Amino acid sequence: MRVLVTGGAGFIGSNLVYALVASGHEAGIVDDLSTGSVANVHPAAWFRRLDVLDPALEGAVAEFRPDAVVHLAAQVDVQRSIADPERDRAVNVGGTEAVARAAARAGARRMLSASSAAVYGEPETLPLTESAAKRPSNPYGASKLAAETALVEALEGTDVDPVSMRFANVYGPRQDWRGEGGVVAIFAARLAAGDSPAIYGDGLQTRDFIYVGDVVAFIMSGLLSEGPLTGQLPDGPAYNVSSGIQTSVETLASLLTSASGGTVEVAHMPARAGDIEHSALDPAKAAHVLGWRAHQPLDAGLAMTWRWFLAANGRD
Ligand SMILES: NC(=O)c1ccc[n+]([C@@H]2O[C@H](COP(=O)([O-])OP(=O)(O)OC[C@H]3O[C@@H](n4cnc5c(N)ncnc54)[C@H](O)[C@@H]3O)[C@@H](O)[C@H]2O)c1
């Protein structure tokens, strides 16, 4: 299968491209390298350095002729979305529309597009199923929600089956610890520097952590599935991609600290206004439709992430 991955030089995208190539598929990458890195680009992958909003996108996608497109390129920084909501919307909504139109014109049959747990905002009950209320609490969540609608509208009447993947908190090798990053990557960077993980608030806030290898496995089963993925209940083309397990940030810090061979000692900072208290996404729909489940236990996933982190920073 020929699979085009936008954002394929980023964290999740590069893990996906490596898995695609290892399974004998042809992988193509479109990435502007704004947060991704050329070092992440698989040497066997077709690669165009391009903004998904660039008018040259359509020609590039047509040149690669994908059977399927996985759209991961996005403005991913919540703080930046608050500072510049127009740019966030342009990239996340306009970019999804542009990729969807290019995918349809190039004859792709399926498009899986990255959405986020951020579309739900503060939950009423946990775990969140796909049909739960969507009240995003920041512009990033709002643009991801609008992108889900834009995806379906752009592909209406075409032969492309649209899927929106609502990722929980993804962690693992190649996650960037600079900038917004993910909490696991940021904690790992602090531990490697000999500092304690710094937690906002009391650390009892919970998140649903999912290992990047499990996310890649979801995408692979979505790509290879023969039946249509859209129209399945609940919430049509949207799928939670999650472990369904709530883990407190304090427990996460403690597990990562033990993986690093250190002793548990965390620093606390004032809670951040607008941060969600608890989160967990119900993965039952993905299990029912695709037979997919997250397998990686958190302690083992963190140990693999720590080993990668040391190697990437030349400390192993
Ligand atoms: N990592 C998580 O925990 C998480 C959670 C929920 C949703 N997501 C979503 O998953 C997707 C991948 O996230 P990630 O964690 O791998 O982030 P990442 O920053 O590592 O990857 C994003 C990639 O997209 C590229 N990119 C950004 N804007 C672009 C543009 N306009 N044109 C072309 N390329 C562009 C970047 O250079 C980067 O390589 C994003 O859509 C993100 O919103 C991630």
# chains A, B, ... in the order shown; residues from 1 in each chain; ligands from 1
$ residues_near_ligand --ligand "ligand 1" --cutoff "8 Å" --atoms "only C-alpha atoms and all ligand atoms" --output "ChimeraX atom specification"
/A:6-14,30-37,49-53,71-77,91-92,95,113-118,144,166-171,174-176,181-182
$ select_by_dssp --residues "segment 59-189 of chain A" --states "strand (DSSP E or B)" --output "list in words"
Ala68, Val69, Val70, His71, Arg110, Met111, Leu112, Ser113, Ala114, Ser115, Ser116, Gly121, Leu128, Arg135, Asp161, Pro162, Val163, Ser164, Met165, Arg166, Phe167, Asn169, Val170 and Tyr171 of chain A
$ closest_residue --among "A:Ala98, A:Ala286, A:Ala103, A:Met269" --to "Asp235 of chain A" --atoms "only C-alpha atoms"
A:Ala286
$ residues_around --residues "Gly59 of chain A" --least-positions-apart "2" --cutoff "12 Å" --atoms "only C-alpha atoms" --output "JSON, numbers by chain"
{"A": [30, 48, 50, 52, 54, 55, 56, 57, 61, 62, 63, 64, 65, 98, 99, 101, 102, 103, 105, 106]}
$ residues_around --residues "Ile186 of chain A" --least-positions-apart "6" --cutoff "12 Å" --atoms "only C-alpha atoms" --output "ChimeraX atom specification"
/A:171-172,175-180,192-193,195-199,252-253,256,305-306,309
$ write_last_selection --atoms "N, CA, C and O atoms" --output "JSON list (two decimals), in the first residue's frame"
[["chain", "number", "residue", "atom", "x", "y", "z"],
["A", 171, "TYR", "N", 2.85, 9.18, 24.22],
["A", 171, "TYR", "CA", 4.24, 9.33, 24.67],
["A", 171, "TYR", "C", 5.07, 8.24, 24.01],
["A", 171, "TYR", "O", 4.54, 7.23, 23.54],
["A", 172, "GLY", "N", 6.41, 8.44, 24.00],
["A", 172, "GLY", "CA", 7.28, 7.40, 23.48],
["A", 172, "GLY", "C", 8.50, 7.99, 22.80],
["A", 172, "GLY", "O", 8.70, 9.20, 22.81],
["A", 175, "GLN", "N", 9.57, 11.73, 20.88],
["A", 175, "GLN", "CA", 8.77, 12.89, 21.27],
["A", 175, "GLN", "C", 9.71, 14.03, 21.65],
["A", 175, "GLN", "O", 10.68, 13.81, 22.39],
["A", 176, "ASP", "N", 9.41, 15.22, 21.17],
["A", 176, "ASP", "CA", 10.28, 16.37, 21.43],
["A", 176, "ASP", "C", 10.02, 16.88, 22.85],
["A", 176, "ASP", "O", 8.87, 17.02, 23.25],
["A", 177, "TRP", "N", 11.07, 17.15, 23.58],
["A", 177, "TRP", "CA", 10.93, 17.63, 24.95],
["A", 177, "TRP", "C", 11.01, 19.15, 25.03],
["A", 177, "TRP", "O", 10.84, 19.74, 26.07],
["A", 178, "ARG", "N", 11.33, 19.78, 23.86],
["A", 178, "ARG", "CA", 11.40, 21.25, 23.87],
["A", 178, "ARG", "C", 10.01, 21.79, 23.60],
["A", 178, "ARG", "O", 9.12, 21.08, 23.19],
["A", 179, "GLY", "N", 9.83, 23.08, 23.83],
["A", 179, "GLY", "CA", 8.54, 23.71, 23.56],
["A", 179, "GLY", "C", 7.46, 23.06, 24.42],
["A", 179, "GLY", "O", 7.69, 22.67, 25.56],
["A", 180, "GLU", "N", 6.29, 22.91, 23.85],
["A", 180, "GLU", "CA", 5.14, 22.37, 24.59],
["A", 180, "GLU", "C", 5.39, 20.90, 24.95],
["A", 180, "GLU", "O", 5.23, 20.49, 26.07],
["A", 192, "ALA", "N", 17.05, 13.72, 33.11],
["A", 192, "ALA", "CA", 18.37, 13.54, 32.48],
["A", 192, "ALA", "C", 19.31, 14.68, 32.87],
["A", 192, "ALA", "O", 20.53, 14.50, 32.95],
["A", 193, "ALA", "N", 18.73, 15.86, 33.15],
["A", 193, "ALA", "CA", 19.55, 17.00, 33.54],
["A", 193, "ALA", "C", 19.83, 17.01, 35.05],
["A", 193, "ALA", "O", 20.43, 17.94, 35.58],
["A", 195, "ASP", "N", 17.46, 17.18, 37.31],
["A", 195, "ASP", "CA", 16.42, 17.96, 38.00],
["A", 195, "ASP", "C", 15.21, 17.07, 38.31],
["A", 195, "ASP", "O", 15.00, 16.05, 37.66],
["A", 196, "SER", "N", 14.40, 17.49, 39.29],
["A", 196, "SER", "CA", 13.17, 16.74, 39.59],
["A", 196, "SER", "C", 12.11, 17.11, 38.58],
["A", 196, "SER", "O", 12.05, 18.25, 38.13],
["A", 197, "PRO", "N", 11.23, 16.15, 38.24],
["A", 197, "PRO", "CA", 10.07, 16.52, 37.42],
["A", 197, "PRO", "C", 9.27, 17.61, 38.14],
["A", 197, "PRO", "O", 9.09, 17.53, 39.36],
["A", 198, "ALA", "N", 8.82, 18.62, 37.40],
["A", 198, "ALA", "CA", 8.05, 19.71, 38.02],
["A", 198, "ALA", "C", 6.59, 19.54, 37.64],
["A", 198, "ALA", "O", 6.24, 19.46, 36.46],
["A", 199, "ILE", "N", 5.74, 19.45, 38.65],
["A", 199, "ILE", "CA", 4.32, 19.17, 38.43],
["A", 199, "ILE", "C", 3.50, 20.44, 38.70],
["A", 199, "ILE", "O", 3.71, 21.11, 39.71],
["A", 252, "LEU", "N", 2.83, 9.09, 37.30],
["A", 252, "LEU", "CA", 3.65, 9.09, 36.09],
["A", 252, "LEU", "C", 5.09, 9.50, 36.43],
["A", 252, "LEU", "O", 6.05, 8.84, 36.02],
["A", 253, "ALA", "N", 5.21, 10.58, 37.21],
["A", 253, "ALA", "CA", 6.55, 11.07, 37.58],
["A", 253, "ALA", "C", 7.30, 9.99, 38.35],
["A", 253, "ALA", "O", 8.49, 9.76, 38.14],
["A", 256, "LEU", "N", 8.37, 7.10, 35.95],
["A", 256, "LEU", "CA", 9.47, 7.50, 35.07],
["A", 256, "LEU", "C", 10.76, 7.66, 35.87],
["A", 256, "LEU", "O", 11.85, 7.29, 35.40],
["A", 305, "THR", "N", 10.91, 4.48, 26.58],
["A", 305, "THR", "CA", 11.05, 5.90, 26.26],
["A", 305, "THR", "C", 12.31, 6.45, 26.92],
["A", 305, "THR", "O", 13.07, 7.20, 26.30],
["A", 306, "TRP", "N", 12.57, 6.08, 28.15],
["A", 306, "TRP", "CA", 13.76, 6.56, 28.86],
["A", 306, "TRP", "C", 15.03, 6.10, 28.15],
["A", 306, "TRP", "O", 15.96, 6.89, 27.94],
["A", 309, "PHE", "N", 15.55, 8.10, 25.14],
["A", 309, "PHE", "CA", 15.90, 9.47, 25.50],
["A", 309, "PHE", "C", 17.40, 9.57, 25.80],
["A", 309, "PHE", "O", 18.08, 10.49, 25.34]]
$ residues_around --residues "segment 158-162 of chain A" --least-positions-apart "6" --cutoff "8 Å" --atoms "only C-alpha atoms" --output "ChimeraX atom specification"
/A:103-104,107-113,151-152,228-230,237
$ write_last_selection --atoms "N, CA, C and O atoms" --output "short mmCIF file (atom, residue, chain, number, x, y, z; two decimals), in the first residue's frame"
data_model
loop_
_atom_site.label_atom_id
_atom_site.label_comp_id
_atom_site.auth_asym_id
_atom_site.auth_seq_id
_atom_site.Cartn_x
_atom_site.Cartn_y
_atom_site.Cartn_z
N ALA A 103 -6.16 14.54 -1.30
CA ALA A 103 -6.26 13.07 -1.20
C ALA A 103 -7.33 12.56 -2.17
O ALA A 103 -7.13 11.56 -2.89
N ALA A 104 -8.48 13.25 -2.20
CA ALA A 104 -9.58 12.81 -3.08
C ALA A 104 -9.16 12.92 -4.55
O ALA A 104 -9.38 12.00 -5.34
N GLY A 107 -6.93 10.19 -5.75
CA GLY A 107 -7.50 8.84 -5.83
C GLY A 107 -7.30 7.99 -4.59
O GLY A 107 -7.43 6.76 -4.65
N ALA A 108 -7.00 8.62 -3.44
CA ALA A 108 -6.86 7.84 -2.20
C ALA A 108 -8.22 7.28 -1.78
O ALA A 108 -9.26 7.83 -2.14
N ARG A 109 -8.21 6.18 -1.04
CA ARG A 109 -9.47 5.55 -0.63
C ARG A 109 -9.80 5.78 0.84
O ARG A 109 -10.93 5.56 1.28
N ARG A 110 -8.81 6.20 1.62
CA ARG A 110 -9.07 6.41 3.05
C ARG A 110 -8.19 7.54 3.55
O ARG A 110 -7.04 7.68 3.09
N MET A 111 -8.72 8.34 4.47
CA MET A 111 -7.89 9.37 5.10
C MET A 111 -8.14 9.33 6.61
O MET A 111 -9.27 9.49 7.08
N LEU A 112 -7.05 9.07 7.34
CA LEU A 112 -7.12 9.08 8.81
C LEU A 112 -6.46 10.37 9.28
O LEU A 112 -5.31 10.65 8.92
N SER A 113 -7.19 11.15 10.07
CA SER A 113 -6.71 12.49 10.42
C SER A 113 -6.63 12.62 11.94
O SER A 113 -7.53 12.17 12.67
N LEU A 151 -13.18 17.73 7.67
CA LEU A 151 -12.73 16.49 7.01
C LEU A 151 -13.92 15.81 6.33
O LEU A 151 -13.86 15.43 5.16
N VAL A 152 -15.02 15.65 7.09
CA VAL A 152 -16.19 14.95 6.55
C VAL A 152 -16.78 15.74 5.39
O VAL A 152 -17.10 15.18 4.33
N PRO A 228 -15.80 -0.27 5.73
CA PRO A 228 -15.77 1.18 5.96
C PRO A 228 -15.67 1.48 7.45
O PRO A 228 -16.27 0.79 8.27
N LEU A 229 -14.92 2.49 7.79
CA LEU A 229 -14.76 2.85 9.21
C LEU A 229 -15.70 3.98 9.59
O LEU A 229 -16.01 4.19 10.75
N THR A 230 -16.16 4.72 8.57
CA THR A 230 -17.08 5.83 8.82
C THR A 230 -18.48 5.26 9.03
O THR A 230 -18.80 4.20 8.53
N PRO A 237 -17.38 9.06 12.10
CA PRO A 237 -16.00 8.78 11.72
C PRO A 237 -14.98 9.00 12.84
O PRO A 237 -13.78 8.88 12.58
#
$ atom_distance --atom1 "atom CA of Ser248 of chain A" --atom2 "atom CA of Gln205 of chain A"
5.4 Å
$ closest_residue --among "A:Thr129, A:Gln246, A:Ser279, A:Ser260" --to "Met304 of chain A" --atoms "only C-alpha atoms"
A:Ser260
$ residues_around --residues "segment 212-220 of chain A" --least-positions-apart "2" --cutoff "9 Å" --atoms "only C-alpha atoms" --output "ChimeraX atom specification"
/A:11-13,15-16,19-20,70,112,165,167,170-173,210,222-225,241-243,286,290,292-296,301
$ closest_residue --among "A:Ala188, A:Ala312, A:Ile276, A:Leu281" --to "Thr257 of chain A" --atoms "only C-alpha atoms"
A:Ala188
$ select_by_dssp --residues "segment 147-224 of chain A" --states "helix (DSSP H, G or I)" --output "PyMOL selection string"
chain A and resi 147-155+183-192+212-224
